[in-house]
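Asker: Structure supplied as data-v4.cif; contents: mmCIF, C-alpha atoms and all ligand atoms.
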data_data
loop_
_atom_site.label_atom_id
_atom_site.label_comp_id
_atom_site.auth_asym_id
_atom_site.auth_seq_id
_atom_site.Cartn_x
_atom_site.Cartn_y
_atom_site.Cartn_z
CA MET A 294 90.18 127.23 72.60
CA ILE A 295 88.93 124.58 74.96
CA GLU A 296 91.76 122.68 76.55
CA HIS A 297 91.44 118.90 76.32
CA ARG A 298 92.70 117.08 79.34
CA LYS A 299 93.37 113.38 79.42
CA PRO A 300 91.91 111.70 82.50
CA ILE A 301 94.12 109.19 84.30
CA PRO A 302 92.83 106.42 86.57
CA VAL A 303 92.67 107.18 90.30
CA SER A 304 95.24 104.52 91.16
CA GLU A 305 97.70 106.05 88.71
CA ALA A 306 97.08 109.51 90.13
CA VAL A 307 97.69 108.24 93.67
CA GLN A 308 100.91 106.62 92.51
CA LYS A 309 102.14 109.78 90.77
CA VAL A 310 101.49 111.86 93.87
CA MET A 311 103.24 109.40 96.13
CA GLU A 312 106.33 109.21 93.93
CA HIS A 313 106.99 112.86 94.64
CA ALA A 314 106.61 112.76 98.41
CA HIS A 315 109.97 113.18 100.08
CA SER A 316 110.77 112.77 103.73
CA ILE A 317 111.43 116.02 105.60
CA GLY A 318 113.53 114.70 108.44
CA ALA A 319 113.08 114.13 112.14
CA GLU A 320 113.04 116.09 115.36
CA THR A 321 112.86 115.34 119.06
CA VAL A 322 109.70 116.07 121.04
CA SER A 323 108.76 115.49 124.65
CA LEU A 324 106.51 112.54 125.43
CA GLU A 325 103.60 114.83 126.20
CA HIS A 326 103.80 116.32 122.70
CA SER A 327 104.27 113.01 120.92
CA TYR A 328 100.61 112.04 120.45
CA ASN A 329 99.55 111.84 116.78
CA ARG A 330 103.11 112.17 115.53
CA ILE A 331 104.93 109.51 113.50
CA LEU A 332 107.80 107.60 115.10
CA ALA A 333 111.16 108.35 113.48
CA GLU A 334 112.93 105.76 115.63
CA PRO A 335 111.91 102.30 116.75
CA ILE A 336 110.74 101.78 120.32
CA VAL A 337 113.31 99.45 121.83
CA ALA A 338 112.71 97.74 125.16
CA GLY A 339 115.45 98.96 127.51
CA HIS A 340 114.30 96.36 130.01
CA ALA A 341 111.93 93.43 130.30
CA VAL A 342 108.23 93.96 131.04
CA PRO A 343 107.44 93.11 133.72
CA PRO A 344 110.94 93.91 134.96
CA PHE A 345 110.67 91.25 137.73
CA ASP A 346 108.49 88.26 138.59
CA ARG A 347 105.44 89.76 140.29
CA SER A 348 102.09 88.96 141.73
CA PRO A 349 99.10 89.58 139.44
CA TYR A 350 96.70 89.31 142.41
CA ASP A 351 96.24 90.33 146.00
CA GLY A 352 97.06 87.21 148.02
CA PHE A 353 99.96 85.25 149.49
CA ALA A 354 103.28 84.29 147.94
CA ILE A 355 104.27 80.71 148.83
CA ILE A 356 106.63 77.94 147.86
CA SER A 357 104.48 75.75 145.62
CA GLY A 358 106.15 72.53 146.78
CA SER A 359 104.85 73.18 150.31
CA SER A 360 101.27 72.95 149.06
CA ARG A 361 101.65 69.55 147.37
CA GLU A 362 99.62 67.55 149.90
CA ALA A 363 96.77 70.09 150.22
CA SER A 364 93.20 68.86 149.73
CA GLY A 365 89.72 69.41 151.11
CA ASP A 366 90.41 66.86 153.82
CA ASN A 367 93.94 68.02 154.41
CA ARG A 368 94.12 71.79 154.59
CA ILE A 369 97.68 73.02 154.74
CA ARG A 370 98.59 75.93 156.98
CA PHE A 371 101.03 78.72 156.02
CA GLU A 372 102.57 81.22 158.38
CA ILE A 373 102.54 84.88 157.27
CA VAL A 374 106.05 86.30 157.76
CA ASP A 375 105.83 89.60 155.90
CA HIS A 376 103.39 91.96 154.19
CA ILE A 377 104.20 93.98 151.04
CA GLY A 378 102.34 96.18 148.62
CA ALA A 379 103.34 97.19 145.09
CA GLY A 380 106.55 99.20 145.13
CA LYS A 381 108.03 97.33 148.11
CA VAL A 382 110.50 94.47 148.15
CA SER A 383 110.35 91.85 150.90
CA ALA A 384 113.63 91.07 152.63
CA GLU A 385 112.35 87.62 153.56
CA VAL A 386 113.74 84.44 152.00
CA LEU A 387 110.91 81.91 152.25
CA SER A 388 111.30 78.40 153.48
CA GLY A 389 108.86 75.58 154.22
CA ASN A 390 105.37 76.83 154.93
CA GLN A 391 106.20 80.50 155.19
CA ALA A 392 104.20 82.99 153.11
CA VAL A 393 104.27 86.72 152.39
CA ARG A 394 101.04 88.66 152.17
CA ILE A 395 101.50 90.33 148.77
CA MET A 396 99.52 92.86 146.73
CA THR A 397 99.12 93.11 142.97
CA GLY A 398 102.28 94.35 141.29
CA ALA A 399 104.66 93.53 144.13
CA PRO A 400 107.75 91.42 143.36
CA LEU A 401 107.73 87.82 144.52
CA PRO A 402 109.94 87.29 147.59
CA LYS A 403 112.99 85.05 147.28
CA ASN A 404 112.12 81.34 146.93
CA ALA A 405 108.40 82.05 146.38
CA ASP A 406 107.09 80.57 143.13
CA ALA A 407 103.29 80.73 143.39
CA VAL A 408 100.58 83.09 144.56
CA VAL A 409 97.46 82.05 146.44
CA MET A 410 94.58 84.45 145.96
CA PHE A 411 92.75 85.67 149.07
CA GLU A 412 89.61 83.89 147.84
CA GLN A 413 91.46 80.56 147.90
CA THR A 414 92.31 80.76 151.62
CA VAL A 415 90.77 80.61 155.04
CA GLU A 416 92.60 83.23 157.07
CA SER A 417 93.33 83.70 160.73
CA THR A 418 95.55 86.34 162.34
CA ASP A 419 99.06 85.31 161.31
CA SER A 420 98.30 82.35 159.09
CA PHE A 421 95.96 80.88 156.52
CA THR A 422 95.06 77.47 155.14
CA ILE A 423 94.54 76.24 151.59
CA ARG A 424 92.75 73.18 150.24
CA LYS A 425 94.47 72.64 146.92
CA PRO A 426 98.02 72.20 145.73
CA PHE A 427 99.58 75.05 143.72
CA GLU A 428 101.82 74.48 140.76
CA LYS A 429 105.17 76.07 140.23
CA LEU A 430 104.59 79.59 138.78
CA GLU A 431 100.83 79.40 139.32
CA ASN A 432 99.45 82.95 139.50
CA VAL A 433 102.84 84.47 138.80
CA SER A 434 103.38 87.22 136.27
CA LEU A 435 106.78 86.35 134.86
CA LYS A 436 109.59 88.75 134.12
CA GLY A 437 109.58 89.49 130.37
CA GLU A 438 106.25 87.78 129.64
CA ASP A 439 104.99 90.95 127.94
CA VAL A 440 108.20 92.30 126.38
CA GLN A 441 111.74 90.93 126.36
CA GLN A 442 114.68 93.24 126.97
CA GLY A 443 116.18 94.49 123.69
CA GLU A 444 113.06 93.71 121.67
CA VAL A 445 112.03 96.22 118.96
CA VAL A 446 108.42 96.58 120.05
CA ILE A 447 107.25 99.15 117.51
CA GLU A 448 109.06 100.00 114.30
CA SER A 449 109.82 103.48 113.06
CA GLY A 450 107.06 104.89 110.83
CA HIS A 451 104.17 104.04 113.12
CA LEU A 452 101.64 106.50 114.42
CA ILE A 453 101.98 107.42 118.06
CA HIS A 454 98.55 106.74 119.55
CA PRO A 455 97.63 106.43 123.24
CA GLY A 456 98.92 102.84 123.45
CA THR A 457 102.21 103.90 121.89
CA VAL A 458 102.46 106.72 124.44
CA ALA A 459 102.03 104.14 127.22
CA LEU A 460 104.84 102.06 125.74
CA LEU A 461 107.16 105.05 125.37
CA ALA A 462 106.50 105.97 128.99
CA THR A 463 107.14 102.36 130.09
CA PHE A 464 110.64 102.49 128.65
CA GLY A 465 111.48 105.95 129.90
CA TYR A 466 111.28 107.80 126.61
CA ALA A 467 110.86 111.28 128.11
CA HIS A 468 111.73 112.46 124.59
CA VAL A 469 111.23 110.67 121.32
CA GLN A 470 112.36 111.14 117.74
CA VAL A 471 109.42 111.85 115.46
CA ALA A 472 109.08 112.91 111.85
CA LYS A 473 108.99 116.66 111.30
CA GLN A 474 105.61 118.10 110.45
CA PRO A 475 105.33 119.43 106.91
CA VAL A 476 104.30 123.08 106.73
CA VAL A 477 100.99 123.11 104.91
CA GLY A 478 99.32 126.21 103.51
CA ILE A 479 95.69 126.67 102.52
CA LEU A 480 94.50 129.25 100.01
CA SER A 481 90.87 129.47 98.96
CA THR A 482 90.40 131.06 95.56
CA GLY A 483 87.15 132.52 94.24
CA THR A 484 85.79 136.04 93.89
CA GLU A 485 82.52 134.73 95.32
CA LEU A 486 84.03 133.78 98.66
CA LEU A 487 83.24 135.40 101.99
CA ASP A 488 84.84 134.77 105.35
CA VAL A 489 82.80 132.82 107.89
CA SER A 490 81.98 135.98 109.86
CA GLU A 491 80.69 137.96 106.89
CA PRO A 492 76.98 138.28 106.07
CA LEU A 493 75.78 136.77 102.81
CA ALA A 494 75.64 139.16 99.85
CA PRO A 495 74.27 138.69 96.33
CA GLY A 496 76.28 136.12 94.37
CA LYS A 497 78.51 135.34 97.32
CA ILE A 498 78.99 132.23 99.47
CA ARG A 499 81.03 131.59 102.57
CA ASN A 500 84.34 129.81 102.25
CA SER A 501 83.70 126.34 103.64
CA ASN A 502 86.65 124.59 101.98
CA GLY A 503 89.40 126.45 103.84
CA PRO A 504 88.10 125.62 107.34
CA MET A 505 87.21 122.08 106.23
CA ILE A 506 90.75 121.36 105.03
CA ALA A 507 92.20 122.88 108.20
CA ALA A 508 90.07 120.36 110.10
CA GLN A 509 91.12 117.49 107.81
CA LEU A 510 94.73 118.42 108.59
CA ALA A 511 93.98 118.72 112.30
CA ARG A 512 92.51 115.21 112.20
CA MET A 513 95.96 114.05 111.03
CA GLY A 514 97.67 116.00 113.79
CA LEU A 515 98.84 118.76 111.43
CA GLY A 516 98.48 122.50 111.73
CA CYS A 517 98.41 124.87 108.76
CA LYS A 518 99.16 128.37 107.57
CA MET A 519 95.99 130.07 106.41
CA TYR A 520 96.46 132.28 103.37
CA GLY A 521 92.81 133.30 103.41
CA LEU A 522 90.86 134.17 100.32
CA SER A 523 92.02 135.27 96.94
CA MET A 524 89.98 136.78 94.12
CA ASP A 525 89.89 135.20 90.67
CA ASP A 526 92.59 137.53 89.41
CA LEU A 527 95.66 136.08 87.77
CA ASP A 528 98.25 138.55 89.02
CA GLN A 529 96.89 138.74 92.53
CA SER A 530 96.53 134.97 92.82
CA PHE A 531 99.97 134.39 91.33
CA THR A 532 101.58 136.68 93.89
CA ILE A 533 99.90 134.90 96.80
CA VAL A 534 100.53 131.39 95.45
CA LYS A 535 104.20 132.19 94.84
CA LYS A 536 104.68 133.57 98.32
CA ALA A 537 102.71 130.73 99.94
CA ALA A 538 104.57 128.05 97.98
CA ALA A 539 107.88 129.53 99.13
CA GLU A 540 106.77 129.48 102.76
CA THR A 541 105.37 125.94 102.84
CA ASP A 542 106.22 122.34 101.96
CA CYS A 543 102.79 121.83 100.52
CA LEU A 544 100.26 124.39 99.38
CA ILE A 545 96.63 123.40 99.03
CA THR A 546 94.52 125.70 96.89
CA THR A 547 90.83 125.27 96.33
CA GLY A 548 88.96 126.40 93.24
CA GLY A 549 90.17 127.75 89.93
CA VAL A 550 91.64 124.54 88.50
CA SER A 551 88.99 123.91 85.91
CA VAL A 552 88.66 125.32 82.39
CA GLY A 553 86.39 128.26 83.25
CA ASP A 554 87.15 131.80 82.18
CA PHE A 555 88.22 132.70 85.71
CA ASP A 556 90.11 129.52 86.56
CA PHE A 557 93.66 130.79 86.82
CA LEU A 558 95.52 128.01 88.60
CA PRO A 559 96.68 126.32 85.36
CA ALA A 560 98.24 129.62 84.24
CA ILE A 561 99.78 130.09 87.67
CA TYR A 562 101.44 126.66 87.54
CA GLU A 563 102.85 127.58 84.16
CA ARG A 564 104.21 130.91 85.40
CA LEU A 565 105.79 129.14 88.37
CA GLY A 566 107.41 126.62 86.04
CA ALA A 567 105.73 123.86 88.04
CA GLU A 568 105.60 120.28 86.82
CA VAL A 569 101.95 119.30 86.58
CA LEU A 570 101.69 115.63 87.57
CA PHE A 571 98.09 115.44 86.36
CA ASN A 572 95.16 117.76 85.85
CA LYS A 573 92.38 115.31 85.16
CA VAL A 574 91.49 112.20 87.12
CA ALA A 575 88.88 109.66 86.06
CA MET A 576 86.85 110.22 89.20
CA ARG A 577 83.65 111.87 90.35
CA PRO A 578 83.61 114.20 92.09
CA GLY A 579 86.88 116.03 91.58
CA SER A 580 87.89 115.12 88.05
CA VAL A 581 89.68 118.48 87.75
CA THR A 582 91.90 117.76 90.75
CA THR A 583 95.38 118.90 89.82
CA VAL A 584 98.68 118.16 91.47
CA ALA A 585 101.86 120.00 90.57
CA VAL A 586 105.36 120.17 91.99
CA ALA A 587 107.52 123.29 92.00
CA ASP A 588 110.98 123.45 93.61
CA GLY A 589 110.23 120.19 95.40
CA LYS A 590 107.07 121.65 96.93
CA TYR A 591 103.64 120.19 96.41
CA LEU A 592 100.90 122.32 94.91
CA PHE A 593 97.56 120.59 95.38
CA GLY A 594 94.90 122.22 93.25
CA LEU A 595 91.64 120.93 94.63
CA SER A 596 88.31 121.67 93.06
CA GLY A 597 86.24 124.40 94.68
CA ASN A 598 83.23 122.11 94.85
CA PRO A 599 83.12 121.09 98.50
CA SER A 600 82.56 117.34 98.00
CA ALA A 601 85.25 117.23 95.33
CA CYS A 602 87.59 119.23 97.53
CA PHE A 603 87.01 116.92 100.49
CA THR A 604 87.55 113.79 98.40
CA GLY A 605 90.66 115.19 96.71
CA PHE A 606 92.20 115.85 100.10
CA GLU A 607 91.47 112.36 101.42
CA LEU A 608 92.67 110.57 98.27
CA PHE A 609 95.78 112.55 97.42
CA VAL A 610 96.82 115.13 100.01
CA ARG A 611 96.49 112.93 103.06
CA PRO A 612 98.67 110.01 101.87
CA ALA A 613 101.29 112.38 100.45
CA LEU A 614 101.58 114.21 103.76
CA LEU A 615 101.74 110.90 105.61
CA LYS A 616 104.57 109.77 103.38
CA MET A 617 106.43 113.05 103.96
CA ARG A 618 106.05 112.31 107.68
CA GLY A 619 107.57 108.87 107.21
CA ALA A 620 104.33 107.02 107.97
CA GLU A 621 104.09 103.43 106.81
CA LYS A 622 100.28 103.37 106.76
CA ARG A 623 99.23 106.13 104.41
CA TYR A 624 95.99 105.17 102.77
CA LEU A 625 92.38 105.24 103.86
CA PRO A 626 91.46 101.84 105.27
CA HIS A 627 89.41 99.78 102.87
CA THR A 628 86.54 97.44 103.55
CA LYS A 629 83.53 95.99 101.76
CA ALA A 630 79.90 96.62 102.69
CA ILE A 631 76.41 95.87 101.48
CA LEU A 632 74.81 98.68 99.52
CA ALA A 633 71.59 99.60 101.32
CA GLU A 634 70.04 101.56 98.42
CA ASP A 635 69.99 101.33 94.65
CA PHE A 636 72.52 103.54 92.93
CA THR A 637 71.41 103.34 89.36
CA LYS A 638 73.31 106.24 87.81
CA ALA A 639 76.16 104.75 85.80
CA ASN A 640 79.29 106.80 85.18
CA PRO A 641 82.38 106.17 83.10
CA PHE A 642 84.54 107.51 85.97
CA THR A 643 85.14 105.96 89.39
CA ARG A 644 82.66 107.41 91.83
CA PHE A 645 83.39 108.37 95.44
CA ILE A 646 80.14 108.86 97.28
CA ARG A 647 79.97 110.35 100.76
CA ALA A 648 78.17 107.71 102.72
CA VAL A 649 77.01 106.42 106.08
CA TYR A 650 78.51 103.07 107.05
CA ASP A 651 77.13 101.15 110.02
CA GLY A 652 79.60 98.29 110.05
CA GLU A 653 77.59 96.14 107.64
CA PHE A 654 75.46 98.28 105.33
CA ILE A 655 76.35 101.48 103.56
CA LYS A 656 74.20 104.12 101.93
CA PRO A 657 74.78 107.53 100.35
CA ALA A 658 74.79 110.30 102.96
CA GLY A 659 72.38 112.51 101.06
CA PHE A 660 72.34 114.95 98.16
CA ASN A 661 75.04 113.58 95.98
CA LYS A 662 76.65 116.16 93.73
CA SER A 663 80.16 117.48 93.71
CA ASN A 664 78.92 120.82 95.05
CA ALA A 665 77.16 119.19 98.02
CA VAL A 666 78.28 120.14 101.50
CA ALA A 667 75.65 118.53 103.76
CA SER A 668 76.57 114.99 102.74
CA ILE A 669 80.18 115.58 103.81
CA ALA A 670 78.93 116.41 107.27
CA LYS A 671 76.63 113.40 107.43
CA GLY A 672 79.04 110.81 106.02
CA ASN A 673 81.65 108.69 107.76
CA ALA A 674 82.90 106.76 104.73
CA LEU A 675 83.18 106.82 100.95
CA ILE A 676 81.48 104.30 98.70
CA VAL A 677 83.74 103.57 95.75
CA LEU A 678 81.93 102.47 92.60
CA PRO A 679 84.06 101.54 89.61
CA GLY A 680 83.36 103.40 86.41
CA GLY A 681 81.39 101.64 83.73
CA THR A 682 78.04 101.33 82.16
CA ARG A 683 76.13 99.64 84.91
CA GLY A 684 74.40 101.01 87.97
CA PHE A 685 74.45 99.33 91.36
CA GLU A 686 71.63 97.75 93.28
CA LYS A 687 70.65 97.38 96.87
CA GLY A 688 72.39 94.26 98.17
CA ASP A 689 75.48 94.62 95.97
CA ILE A 690 78.78 94.32 97.79
CA VAL A 691 80.72 97.53 97.27
CA ASP A 692 84.15 98.92 98.10
CA VAL A 693 84.30 101.31 101.04
CA LEU A 694 87.00 103.69 102.24
CA LEU A 695 86.72 104.55 105.92
CA LEU A 696 87.15 108.16 106.99
CA GLY A 697 88.49 109.57 110.23
CA MET A 698 90.29 106.41 111.27
CA GLU A 699 93.22 107.11 113.53
CA GLU A 700 95.62 105.01 111.51
CA GLY A 701 95.41 104.13 107.85
CA SER A 702 96.34 101.17 105.73
CA ALA A 703 99.73 100.35 104.23
CA LEU A 704 98.19 99.50 100.86
CA TRP A 705 96.11 101.30 98.29
CA LYS A 706 93.63 98.56 97.42
CA LEU A 707 91.58 100.05 94.62
P1 LIG B 801 85.74 126.24 91.03
O1 LIG B 801 86.49 125.00 91.37
O2 LIG B 801 86.49 127.48 91.32
O3 LIG B 801 85.23 126.17 89.61
O4 LIG B 801 84.45 126.27 91.96
C1 LIG B 801 83.47 125.28 91.84
C2 LIG B 801 82.31 125.58 92.77
O5 LIG B 801 82.75 125.52 94.11
C3 LIG B 801 81.70 126.94 92.61
O6 LIG B 801 80.28 126.81 92.73
C4 LIG B 801 82.28 127.73 93.72
O7 LIG B 801 81.46 128.81 94.12
C5 LIG B 801 82.41 126.71 94.80
N1 LIG B 801 83.50 127.04 95.71
C6 LIG B 801 84.73 127.43 95.32
N2 LIG B 801 85.52 127.65 96.38
C7 LIG B 801 84.77 127.38 97.48
C8 LIG B 801 85.03 127.42 98.86
N3 LIG B 801 86.24 127.78 99.32
N4 LIG B 801 84.04 127.08 99.71
C9 LIG B 801 82.83 126.71 99.22
N5 LIG B 801 82.53 126.64 97.93
C10 LIG B 801 83.49 126.97 97.05
MG MG B 802 86.21 129.47 91.07
#
Just give me the structure as structure tokens.
Ligand code: AMP
Ligand code: MG

Answerer:
Amino acid sequence: MIEHRKPIPVSEAVQKVMEHAHSIGAETVSLEHSYNRILAEPIVAGHAVPPFDRSPYDGFAIISGSSREASGDNRIRFEIVDHIGAGKVSAEVLSGNQAVRIMTGAPLPKNADAVVMFEQTVESTDSFTIRKPFEKLENVSLKGEDVQQGEVVIESGHLIHPGTVALLATFGYAHVQVAKQPVVGILSTGTELLDVSEPLAPGKIRNSNGPMIAAQLARMGLGCKMYGLSMDDLDQSFTIVKKAAAETDCLITTGGVSVGDFDFLPAIYERLGAEVLFNKVAMRPGSVTTVAVADGKYLFGLSGNPSACFTGFELFVRPALLKMRGAEKRYLPHTKAILAEDFTKANPFTRFIRAVYDGEFIKPAGFNKSNAVASIAKGNALIVLPGGTRGFEKGDIVDVLLLGMEEGSALWKL
């Protein structure tokens, strides 16, 4: 008997997946291993930045009051009493028309409250003249102007990107608390599948989904356990899925979730006693995408069709893993763009079309079926067309989800 599945809207499916994501705790890593991890503690400023008043230029530190009468007709002379570069502290306490030759980053000497840039002076051996008055704190980089001591600069839950690494280093975080990485397994099911190194044979194709998902995970800073290929055989697949589910926090399978004679994942979920969150989503491609939970572990059953598999990962797996890692921004960033080509085919389900986005216009990335692989390679975004009876025309403003962005969005907008 044909099984009838009830499709649920994409937004509902996303919500169901996210409800089941649980945090998996934190660990400490060294700064050099912190890139692409998620902060599990806030970054707190242990000191002000800059930590002292300093010169932002190469020039001379002076007492501003001593320059008050300076003009083109009345150049004022300063005597150079010391010379410091960044990293040095002058022992001089300035008075009157004394000045310290000072380089960018060096702390202002005592009593100095302005910096004259080289270009603003006429120099001779031990002195220089200026032709304009300087205001108090002119050309001074003030202590704490960037960050105040004690400030929470970045909250827990944020991605550690290169700027975050710079901040951690600034405050002496040689080690930092980050969310643990979920252990993710990948199993590609299908009797037709060959490994990448195998020659083609009649009826066979190479497994592209497994390596693709490994790369999608790598893009998020996650590794994976590869469970290889499994034939469309219930007992064999069950054994591997059971073992893999026990060894991982999240197992991603591809293929075998549909209603075909050799699609065994539904039976495997049943044997495992897994709770199936949904097995039909009102989307194209990937309507058969199934998500189940067994013993608190995720079982993502993605379609074997490469475009469907790719989309299922981006829409469901990625945000769930980000939530498990404590990330605040879990969803693909959303924007709007102008459709550059007609897309006349109407569909009752929401469509996700691999597409090329140039910052203003967007167009499908090529052959557009769920079994397409080339368009995944060519695309950098997904066009999202709501389900309904109408097609879309060139010039229409459409929803776009951006792919491969370092950090996502805090909201699911569609
Ligand atoms: P299935 O989801 O098992 O019904 O497979 C749907 C289609 O995707 C079939 O044409 C499969 O041959 C193909 N397919 C399944 N698994 C993979 C894979 N790992 N890599 C590439 N294509 C696949
Ligand atoms: Mg199959």

Asker: Within 8 Å of ligand MG 802 (chain B), counting all atoms listed in the file: which residues, as a PDB file with C-alpha atoms, in the coordinates of the input?

Answerer:
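Final file, pocket05.pdb:
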ATOM      1  CA  THR A 482      90.400 131.060  95.560  1.00  0.00           C
ATOM      2  CA  GLY A 483      87.150 132.520  94.240  1.00  0.00           C
ATOM      3  CA  THR A 484      85.790 136.040  93.890  1.00  0.00           C
ATOM      4  CA  GLU A 485      82.520 134.730  95.320  1.00  0.00           C
ATOM      5  CA  ASP A 525      89.890 135.200  90.670  1.00  0.00           C
ATOM      6  CA  GLY A 548      88.960 126.400  93.240  1.00  0.00           C
ATOM      7  CA  GLY A 549      90.170 127.750  89.930  1.00  0.00           C
ATOM      8  CA  VAL A 550      91.640 124.540  88.500  1.00  0.00           C
ATOM      9  CA  GLY A 553      86.390 128.260  83.250  1.00  0.00           C
ATOM     10  CA  PHE A 555      88.220 132.700  85.710  1.00  0.00           C
ATOM     11  CA  ASP A 556      90.110 129.520  86.560  1.00  0.00           C
ATOM     12  CA  GLY A 597      86.240 124.400  94.680  1.00  0.00           C
TER      13      GLY A 597
END

Asker: Hey, which of A:Ala384, A:Val471, A:Ala507, A:Val476 ends up closest to ligand LIG 801 (chain B)? Count all atoms listed in the file.

Answerer: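 Of the candidates, the smallest distance to ligand LIG 801 (chain B) is held by A:Ala507.
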
Asker: Let me see if you get this right: every residue at most 10 Å from ligand LIG 801 (chain B), counting all atoms listed in the file, written as a PyMOL selection string.

Answerer: chain A and resi 480-488+496-506+521-523+525+546-558+579+581-582+594-602+663-666

Asker: List the spatial neighbours of Gly456 (chain A) as a ChimeraX atom specification - criterion: any atom at most 10 Å away, all atoms listed in the file, same-chain residues fewer than 5 positions off excluded.

Answerer: /A:328,461-462

Asker: For CA of Val433 (chain A) and CA of Ile356 (chain A), determine how far apart the two atoms are, in Å to one decimal place.

Answerer: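 CA of Ile356 (chain A) lies 11.8 Å from CA of Val433 (chain A).
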
Asker: If we count only C-alpha atoms, what is near Ile369 (chain A) at a cut-off of 12 Å, once residues fewer than 2 positions away on the same chain are taken out, given as a PyMOL selection string?

Answerer: chain A and resi 355+357-367+371-372+389-391+413-416+420-427

Asker: In Å, how far is it from CA of Ser530 (chain A) to CA of Lys518 (chain A)?

Answerer: 16.4 Å

Asker: Please provide the set of residues having any atom within 8 Å of Leu625 (chain A), restricted to only C-alpha atoms, with same-chain residues fewer than 4 positions apart removed, written as a ChimeraX atom specification.

Answerer: /A:607-608,694-696,698,701-702,705

Asker: Report as JSON the centre and the edge lengths, in Å to one decimal, of the axis-aligned box holding every listed atom of region 343-357 of chain A, padded by 8 Å on each side.

Answerer:
{"center_x": 103.6, "center_y": 84.8, "center_z": 141.6, "size_x": 30.7, "size_y": 34.2, "size_z": 31.8}

Asker: Give the answer as one residue: which of A:Lys436, A:His468, A:Arg370, A:Lys473 has the shortest atom-to-atom distance to Ala319 (chain A), using only C-alpha atoms?

Answerer: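 Among A:Lys436, A:His468, A:Arg370, A:Lys473, it is A:Lys473 that comes nearest to Ala319 (chain A).
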